[in-house]
file upload_39.pdb (PDB, C-alpha atoms)
MODEL        1
ATOM      1  CA  MET A   1      39.025 192.896 132.782
ATOM      2  CA  ASN A   2      39.735 195.496 130.089
ATOM      3  CA  ASP A   3      39.179 195.234 126.324
ATOM      4  CA  TRP A   4      42.825 194.350 125.725
ATOM      5  CA  GLN A   5      42.672 191.406 128.142
ATOM      6  CA  ARG A   6      39.482 190.119 126.484
ATOM      7  CA  LYS A   7      41.229 189.718 123.120
ATOM      8  CA  SER A   8      42.329 186.262 122.013
ATOM      9  CA  PRO A   9      45.940 185.208 121.372
ATOM     10  CA  LEU A  10      45.174 185.285 117.629
ATOM     11  CA  ASP A  11      44.157 188.943 117.975
ATOM     12  CA  TRP A  12      47.343 189.750 119.913
ATOM     13  CA  GLU A  13      49.460 187.964 117.317
ATOM     14  CA  THR A  14      48.473 190.594 114.750
ATOM     15  CA  TYR A  15      50.458 193.159 116.792
ATOM     16  CA  VAL A  16      53.730 191.163 116.805
ATOM     17  CA  ASN A  17      56.601 192.748 114.820
ATOM     18  CA  LYS A  18      54.790 196.088 114.617
ATOM     19  CA  MET A  19      55.687 199.497 116.043
ATOM     20  CA  VAL A  20      52.934 200.443 118.482
ATOM     21  CA  LYS A  21      51.943 203.135 120.925
ATOM     22  CA  VAL A  22      50.440 201.715 124.122
ATOM     23  CA  ALA A  23      48.235 203.942 126.267
ATOM     24  CA  ALA A  24      48.262 202.639 129.832
ATOM     25  CA  ILE A  25      46.621 203.638 133.090
ATOM     26  CA  GLU A  26      47.635 206.910 134.755
ATOM     27  CA  LYS A  27      48.239 208.489 131.335
ATOM     28  CA  HIS A  28      51.462 206.523 130.727
ATOM     29  CA  GLU A  29      52.412 205.959 127.099
ATOM     30  CA  TYR A  30      54.915 203.471 125.720
ATOM     31  CA  GLU A  31      56.247 203.086 122.192
ATOM     32  CA  GLY A  32      58.180 200.197 120.748
ATOM     33  CA  TRP A  33      58.219 197.112 118.567
ATOM     34  CA  VAL A  34      56.004 194.285 119.874
ATOM     35  CA  LEU A  35      58.105 191.177 120.482
ATOM     36  CA  THR A  36      55.283 189.138 121.988
ATOM     37  CA  VAL A  37      52.135 189.281 124.074
ATOM     38  CA  ASP A  38      51.834 186.954 127.053
ATOM     39  CA  PRO A  39      48.679 184.858 126.501
ATOM     40  CA  VAL A  40      47.976 184.487 130.235
ATOM     41  CA  SER A  41      48.458 188.029 131.548
ATOM     42  CA  ALA A  42      47.995 189.919 128.231
ATOM     43  CA  SER A  43      51.258 191.759 129.012
ATOM     44  CA  ILE A  44      53.011 193.314 126.013
ATOM     45  CA  VAL A  45      56.785 192.957 125.572
ATOM     46  CA  LEU A  46      58.184 195.956 123.665
ATOM     47  CA  ALA A  47      61.646 196.410 122.176
ATOM     48  CA  THR A  48      63.156 199.828 121.496
ATOM     49  CA  PHE A  49      66.408 200.127 119.556
ATOM     50  CA  LEU A  50      68.848 202.633 121.044
ATOM     51  CA  GLU A  51      72.047 203.959 119.512
ATOM     52  CA  ASN A  52      75.132 201.663 119.249
ATOM     53  CA  GLU A  53      72.996 198.519 118.662
ATOM     54  CA  LYS A  54      71.666 198.427 122.236
ATOM     55  CA  VAL A  55      68.084 197.282 122.837
ATOM     56  CA  SER A  56      65.729 198.355 125.600
ATOM     57  CA  ILE A  57      63.011 195.881 126.600
ATOM     58  CA  SER A  58      59.829 197.070 128.331
ATOM     59  CA  VAL A  59      56.887 195.079 129.609
ATOM     60  CA  VAL A  60      53.490 196.744 129.834
ATOM     61  CA  LEU A  61      51.320 194.674 132.146
ATOM     62  CA  GLY A  62      48.090 193.513 130.581
ATOM     63  CA  HIS A  63      45.796 194.944 133.240
ATOM     64  CA  ALA A  64      47.299 198.408 132.676
ATOM     65  CA  VAL A  65      46.792 198.464 128.890
ATOM     66  CA  GLN A  66      43.982 200.750 127.793
ATOM     67  CA  GLU A  67      44.633 201.155 124.072
ATOM     68  CA  VAL A  68      47.144 199.889 121.513
ATOM     69  CA  GLU A  69      47.681 201.806 118.286
ATOM     70  CA  ILE A  70      49.735 200.370 115.418
ATOM     71  CA  LEU A  71      52.158 203.028 114.144
ATOM     72  CA  LYS A  72      54.212 201.080 111.629
ATOM     73  CA  GLU A  73      54.407 197.627 110.053
ATOM     74  CA  GLY A  74      57.696 195.751 110.422
ATOM     75  CA  ASP A  75      59.616 194.905 107.248
ATOM     76  CA  ASP A  76      61.596 191.669 106.812
ATOM     77  CA  GLU A  77      64.795 193.286 108.116
ATOM     78  CA  MET A  78      63.033 194.470 111.288
ATOM     79  CA  LYS A  79      61.437 191.044 111.830
ATOM     80  CA  GLN A  80      64.912 189.506 111.603
ATOM     81  CA  ARG A  81      66.341 192.041 114.086
ATOM     82  CA  LEU A  82      63.503 191.390 116.521
ATOM     83  CA  SER A  83      63.818 187.601 116.250
ATOM     84  CA  CYS A  84      67.539 187.776 117.116
ATOM     85  CA  ILE A  85      67.177 189.849 120.310
ATOM     86  CA  PHE A  86      66.980 186.877 122.686
ATOM     87  CA  ALA A  87      68.922 184.364 120.577
ATOM     88  CA  PRO A  88      72.152 183.180 122.203
ATOM     89  CA  GLU A  89      75.324 184.666 120.715
ATOM     90  CA  GLU A  90      76.583 181.295 119.455
ATOM     91  CA  SER A  91      73.516 180.531 117.367
ATOM     92  CA  LYS A  92      73.851 183.852 115.538
ATOM     93  CA  ALA A  93      77.313 182.957 114.309
ATOM     94  CA  TYR A  94      76.487 179.774 112.356
ATOM     95  CA  SER A  95      74.651 179.223 109.100
ATOM     96  CA  PRO A  96      72.601 176.008 108.696
ATOM     97  CA  GLU A  97      75.449 174.557 106.623
ATOM     98  CA  GLU A  98      77.999 175.364 109.333
ATOM     99  CA  LEU A  99      75.777 173.796 112.010
ATOM    100  CA  GLU A 100      75.418 170.632 109.910
ATOM    101  CA  LYS A 101      79.206 170.494 109.494
ATOM    102  CA  ARG A 102      79.775 171.007 113.255
ATOM    103  CA  LYS A 103      77.246 168.263 114.053
ATOM    104  CA  ASN A 104      78.784 165.791 111.598
ATOM    105  CA  ASN A 105      82.348 166.527 112.755
ATOM    106  CA  LEU A 106      81.397 166.073 116.434
ATOM    107  CA  LYS A 107      79.449 162.887 115.664
ATOM    108  CA  THR A 108      82.395 161.448 113.718
ATOM    109  CA  TRP A 109      84.797 162.381 116.529
ATOM    110  CA  LEU A 110      82.568 160.758 119.168
ATOM    111  CA  GLU A 111      82.227 157.588 117.071
ATOM    112  CA  THR A 112      86.005 157.497 116.488
ATOM    113  CA  ASN A 113      86.418 157.528 120.272
ATOM    114  CA  HIS A 114      83.926 154.631 120.632
ATOM    115  CA  ILE A 115      81.183 156.759 122.169
ATOM    116  CA  PRO A 116      77.754 155.635 120.905
ATOM    117  CA  VAL A 117      75.925 158.544 119.271
ATOM    118  CA  THR A 118      72.717 158.841 117.232
ATOM    119  CA  GLU A 119      70.717 161.665 115.662
ATOM    120  CA  GLN A 120      67.334 162.559 117.154
ATOM    121  CA  GLY A 121      64.348 164.693 116.286
ATOM    122  CA  GLU A 122      62.438 165.219 113.060
ATOM    123  CA  SER A 123      65.272 167.103 111.408
ATOM    124  CA  GLY A 124      68.034 165.107 113.102
ATOM    125  CA  ARG A 125      69.516 168.261 114.610
ATOM    126  CA  THR A 126      70.001 166.787 118.092
ATOM    127  CA  LEU A 127      72.758 164.311 118.878
ATOM    128  CA  CYS A 128      72.017 161.644 121.504
ATOM    129  CA  VAL A 129      74.972 160.088 123.340
ATOM    130  CA  ALA A 130      74.448 156.573 124.752
ATOM    131  CA  GLY A 131      70.712 157.271 125.018
ATOM    132  CA  VAL A 132      71.195 159.392 128.158
ATOM    133  CA  LEU A 133      72.571 162.737 126.968
ATOM    134  CA  THR A 134      71.551 165.140 124.215
ATOM    135  CA  ILE A 135      73.573 167.807 122.415
ATOM    136  CA  ASP A 136      71.700 170.593 120.619
ATOM    137  CA  PRO A 137      73.041 173.132 118.098
ATOM    138  CA  PRO A 138      75.598 174.680 117.998
ATOM    139  CA  TYR A 139      77.004 171.512 119.594
ATOM    140  CA  GLY A 140      79.128 172.915 122.402
ATOM    141  CA  PRO A 141      79.436 171.843 126.060
ATOM    142  CA  GLU A 142      76.724 174.330 127.115
ATOM    143  CA  GLU A 143      74.198 172.628 124.828
ATOM    144  CA  CYS A 144      74.549 169.238 126.539
ATOM    145  CA  SER A 145      71.724 168.045 128.768
ATOM    146  CA  SER A 146      71.301 164.914 130.841
ATOM    147  CA  SER A 147      69.729 163.881 134.127
ATOM    148  CA  ASN A 148      72.944 161.966 134.939
ATOM    149  CA  GLU A 149      75.333 164.632 136.257
ATOM    150  CA  ILE A 150      78.422 162.388 136.070
ATOM    151  CA  ILE A 151      77.903 161.581 132.388
ATOM    152  CA  LEU A 152      76.974 165.204 131.685
ATOM    153  CA  SER A 153      80.183 166.488 133.273
ATOM    154  CA  ARG A 154      82.409 163.968 131.485
ATOM    155  CA  VAL A 155      80.898 164.477 128.030
ATOM    156  CA  GLN A 156      81.035 168.264 128.459
ATOM    157  CA  GLY A 157      84.723 167.927 129.314
ATOM    158  CA  LEU A 158      85.323 165.753 126.245
ATOM    159  CA  ILE A 159      83.534 168.204 123.937
ATOM    160  CA  GLN A 160      85.407 171.148 125.466
ATOM    161  CA  GLY A 161      88.713 169.372 124.774
ATOM    162  CA  TYR A 162      87.610 168.482 121.246
ATOM    163  CA  LEU A 163      86.635 172.100 120.482
ATOM    164  CA  GLU A 164      89.918 173.456 121.887
ATOM    165  CA  LYS A 165      91.869 171.079 119.603
ATOM    166  CA  GLN A 166      89.812 172.258 116.612
ATOM    167  CA  GLN A 167      90.917 175.888 117.070
TER
ENDMDL
END

call {"tool": "encode", "arguments": {"input": "upload_39.pdb", "output": "structure tokens"}}
result
Amino acid sequence: MNDWQRKSPLDWETYVNKMVKVAAIEKHEYEGWVLTVDPVSASIVLATFLENEKVSISVVLGHAVQEVEILKEGDDEMKQRLSCIFAPEESKAYSPEELEKRKNNLKTWLETNHIPVTEQGESGRTLCVAGVLTIDPPYGPEECSSSNEIILSRVQGLIQGYLEKQQ
């Protein structure tokens, strides 16, 4: 076990959202913004921004890390860029107000069509249909989940039709 692997997750967290230079075994060096550190393997996930808004993701395995040097602190803009790398495209497009409107419109439409629906979770962001299916933001067919495949398929079809009529 190397020094990097002996660190605690709280120690690793101090590297998140910072530009670092990682010295690894066999004289390999990696530079990038730390997205996260895996708490089990101590592997570092680095993001490097290329031209035309492309992002390169590298993983430096924990056992290979010899030294990590912080080069630059991330500002708020960089933290926002890093947090959006793995976010689905749909969730980037909606503000909290728009998501609330989409949820309320879908809930009203489901109730109008006599489909029982309730709000779940601490913030009430998740819709629950008939107690067997949930719909998470941004409230499209892909965000439906249920262990009952027949209900899942039918509700996804209904939501798809509803969204097509909205456009």

call {"tool": "residues_around", "arguments": {"input": "upload_39.pdb", "residues": "range 23-37 of chain A", "least_positions_apart": "2", "cutoff": "9 Å", "atoms": "only C-alpha atoms", "output": "VMD selection string"}}
result
chain A and resid 9 12 to 13 15 to 21 39 to 49 57 to 58 60 to 69 72 74 82 to 83

call {"tool": "resolve_selection", "arguments": {"input": "upload_39.pdb", "expression": "the PyMOL selection byres ((chain A and resi 124) around 12)", "output": "NGL selection string"}}
result
:A and (99-100 or 103-104 or 107 or 117-123 or 125-128 or 134-137)

call {"tool": "atom_distance", "arguments": {"input": "upload_39.pdb", "atom1": "CA of Ile115 in chain A", "atom2": "CA of Glu98 in chain A"}}
result
22.8 Å

call {"tool": "residues_around", "arguments": {"input": "upload_39.pdb", "residues": "Leu152 in chain A", "least_positions_apart": "3", "cutoff": "12 Å", "atoms": "all atoms listed in the file", "output": "JSON, numbers by chain"}}
result
{"A": [128, 129, 130, 132, 133, 134, 135, 141, 142, 143, 144, 145, 146, 147, 148, 149, 155, 156, 157, 158, 159]}

call {"tool": "axis_aligned_box", "arguments": {"input": "upload_39.pdb", "around": "range 114-129 of chain A", "padding_each_side": "8 Å", "output": "lines of an AutoDock Vina configuration file"}}
result
center_x = 73.2
center_y = 161.4
center_z = 117.4
size_x = 37.5
size_y = 29.6
size_z = 27.9

call {"tool": "atom_distance", "arguments": {"input": "upload_39.pdb", "atom1": "CA of Gln166 in chain A", "atom2": "CA of Gly140 in chain A"}}
result
12.2 Å

call {"tool": "closest_residue", "arguments": {"input": "upload_39.pdb", "among": "A:Met1, A:Leu71, A:Ile85, A:Leu163", "to": "Ser56 in chain A", "atoms": "only C-alpha atoms"}}
result
A:Ile85

call {"tool": "atom_distance", "arguments": {"input": "upload_39.pdb", "atom1": "CA of Asn113 in chain A", "atom2": "CA of Lys101 in chain A"}}
result
18.3 Å

call {"tool": "closest_residue", "arguments": {"input": "upload_39.pdb", "among": "A:Ser95, A:Asn52, A:Gln5, A:Asn105", "to": "Tyr162 in chain A", "atoms": "all atoms listed in the file"}}
result
A:Asn105

call {"tool": "closest_residue", "arguments": {"input": "upload_39.pdb", "among": "A:Tyr94, A:Ile150, A:Arg81, A:Ile70", "to": "Lys54 in chain A", "atoms": "only C-alpha atoms"}}
result
A:Arg81

call {"tool": "build_atoms", "arguments": {"input": "upload_39.pdb", "residues": "range 34-58 of chain A", "atoms": "N, CA and C atoms", "output": "PDB file, keeping the file's coordinate frame"}}
result
ATOM      1  N   VAL A  34      56.575 195.386 119.088  1.00  0.00           N
ATOM      2  CA  VAL A  34      56.004 194.285 119.874  1.00  0.00           C
ATOM      3  C   VAL A  34      56.777 193.002 119.575  1.00  0.00           C
ATOM      4  N   LEU A  35      57.424 192.464 120.611  1.00  0.00           N
ATOM      5  CA  LEU A  35      58.105 191.177 120.482  1.00  0.00           C
ATOM      6  C   LEU A  35      57.109 190.046 120.663  1.00  0.00           C
ATOM      7  N   THR A  36      56.271 190.170 121.694  1.00  0.00           N
ATOM      8  CA  THR A  36      55.283 189.138 121.988  1.00  0.00           C
ATOM      9  C   THR A  36      54.247 189.701 122.946  1.00  0.00           C
ATOM     10  N   VAL A  37      53.159 188.973 123.084  1.00  0.00           N
ATOM     11  CA  VAL A  37      52.135 189.281 124.074  1.00  0.00           C
ATOM     12  C   VAL A  37      51.920 188.011 124.875  1.00  0.00           C
ATOM     13  N   ASP A  38      52.031 188.118 126.194  1.00  0.00           N
ATOM     14  CA  ASP A  38      51.834 186.954 127.053  1.00  0.00           C
ATOM     15  C   ASP A  38      50.361 186.547 127.017  1.00  0.00           C
ATOM     16  N   PRO A  39      50.074 185.280 126.642  1.00  0.00           N
ATOM     17  CA  PRO A  39      48.679 184.858 126.501  1.00  0.00           C
ATOM     18  C   PRO A  39      47.928 184.711 127.823  1.00  0.00           C
ATOM     19  N   VAL A  40      48.639 184.636 128.939  1.00  0.00           N
ATOM     20  CA  VAL A  40      47.976 184.487 130.235  1.00  0.00           C
ATOM     21  C   VAL A  40      47.653 185.844 130.843  1.00  0.00           C
ATOM     22  N   SER A  41      48.650 186.735 130.881  1.00  0.00           N
ATOM     23  CA  SER A  41      48.458 188.029 131.548  1.00  0.00           C
ATOM     24  C   SER A  41      48.106 189.162 130.579  1.00  0.00           C
ATOM     25  N   ALA A  42      48.211 188.914 129.277  1.00  0.00           N
ATOM     26  CA  ALA A  42      47.995 189.919 128.231  1.00  0.00           C
ATOM     27  C   ALA A  42      49.045 191.030 128.276  1.00  0.00           C
ATOM     28  N   SER A  43      50.175 190.778 128.940  1.00  0.00           N
ATOM     29  CA  SER A  43      51.258 191.759 129.012  1.00  0.00           C
ATOM     30  C   SER A  43      51.968 191.848 127.658  1.00  0.00           C
ATOM     31  N   ILE A  44      52.356 193.065 127.298  1.00  0.00           N
ATOM     32  CA  ILE A  44      53.011 193.314 126.013  1.00  0.00           C
ATOM     33  C   ILE A  44      54.506 193.514 126.253  1.00  0.00           C
ATOM     34  N   VAL A  45      55.332 192.792 125.488  1.00  0.00           N
ATOM     35  CA  VAL A  45      56.785 192.957 125.572  1.00  0.00           C
ATOM     36  C   VAL A  45      57.211 193.814 124.385  1.00  0.00           C
ATOM     37  N   LEU A  46      57.773 194.994 124.695  1.00  0.00           N
ATOM     38  CA  LEU A  46      58.184 195.956 123.665  1.00  0.00           C
ATOM     39  C   LEU A  46      59.703 196.055 123.593  1.00  0.00           C
ATOM     40  N   ALA A  47      60.217 196.189 122.385  1.00  0.00           N
ATOM     41  CA  ALA A  47      61.646 196.410 122.176  1.00  0.00           C
ATOM     42  C   ALA A  47      61.835 197.778 121.545  1.00  0.00           C
ATOM     43  N   THR A  48      62.800 198.532 122.057  1.00  0.00           N
ATOM     44  CA  THR A  48      63.156 199.828 121.496  1.00  0.00           C
ATOM     45  C   THR A  48      64.640 199.793 121.179  1.00  0.00           C
ATOM     46  N   PHE A  49      65.009 200.145 119.957  1.00  0.00           N
ATOM     47  CA  PHE A  49      66.408 200.127 119.556  1.00  0.00           C
ATOM     48  C   PHE A  49      67.040 201.470 119.878  1.00  0.00           C
ATOM     49  N   LEU A  50      68.116 201.438 120.659  1.00  0.00           N
ATOM     50  CA  LEU A  50      68.848 202.633 121.044  1.00  0.00           C
ATOM     51  C   LEU A  50      70.060 202.774 120.128  1.00  0.00           C
ATOM     52  N   GLU A  51      70.836 203.829 120.322  1.00  0.00           N
ATOM     53  CA  GLU A  51      72.047 203.959 119.512  1.00  0.00           C
ATOM     54  C   GLU A  51      73.041 202.862 119.903  1.00  0.00           C
ATOM     55  N   ASN A  52      74.079 202.686 119.126  1.00  0.00           N
ATOM     56  CA  ASN A  52      75.132 201.663 119.249  1.00  0.00           C
ATOM     57  C   ASN A  52      74.591 200.243 119.474  1.00  0.00           C
ATOM     58  N   GLU A  53      73.536 199.883 118.706  1.00  0.00           N
ATOM     59  CA  GLU A  53      72.996 198.519 118.662  1.00  0.00           C
ATOM     60  C   GLU A  53      72.452 197.992 119.993  1.00  0.00           C
ATOM     61  N   LYS A  54      72.256 198.850 120.964  1.00  0.00           N
ATOM     62  CA  LYS A  54      71.666 198.427 122.236  1.00  0.00           C
ATOM     63  C   LYS A  54      70.147 198.336 122.072  1.00  0.00           C
ATOM     64  N   VAL A  55      69.534 197.461 122.890  1.00  0.00           N
ATOM     65  CA  VAL A  55      68.084 197.282 122.837  1.00  0.00           C
ATOM     66  C   VAL A  55      67.519 197.453 124.237  1.00  0.00           C
ATOM     67  N   SER A  56      66.435 198.184 124.335  1.00  0.00           N
ATOM     68  CA  SER A  56      65.729 198.355 125.600  1.00  0.00           C
ATOM     69  C   SER A  56      64.445 197.535 125.521  1.00  0.00           C
ATOM     70  N   ILE A  57      64.209 196.720 126.540  1.00  0.00           N
ATOM     71  CA  ILE A  57      63.011 195.881 126.600  1.00  0.00           C
ATOM     72  C   ILE A  57      62.096 196.419 127.693  1.00  0.00           C
ATOM     73  N   SER A  58      60.824 196.608 127.358  1.00  0.00           N
ATOM     74  CA  SER A  58      59.829 197.070 128.331  1.00  0.00           C
ATOM     75  C   SER A  58      58.670 196.088 128.330  1.00  0.00           C
TER      76      SER A  58
END
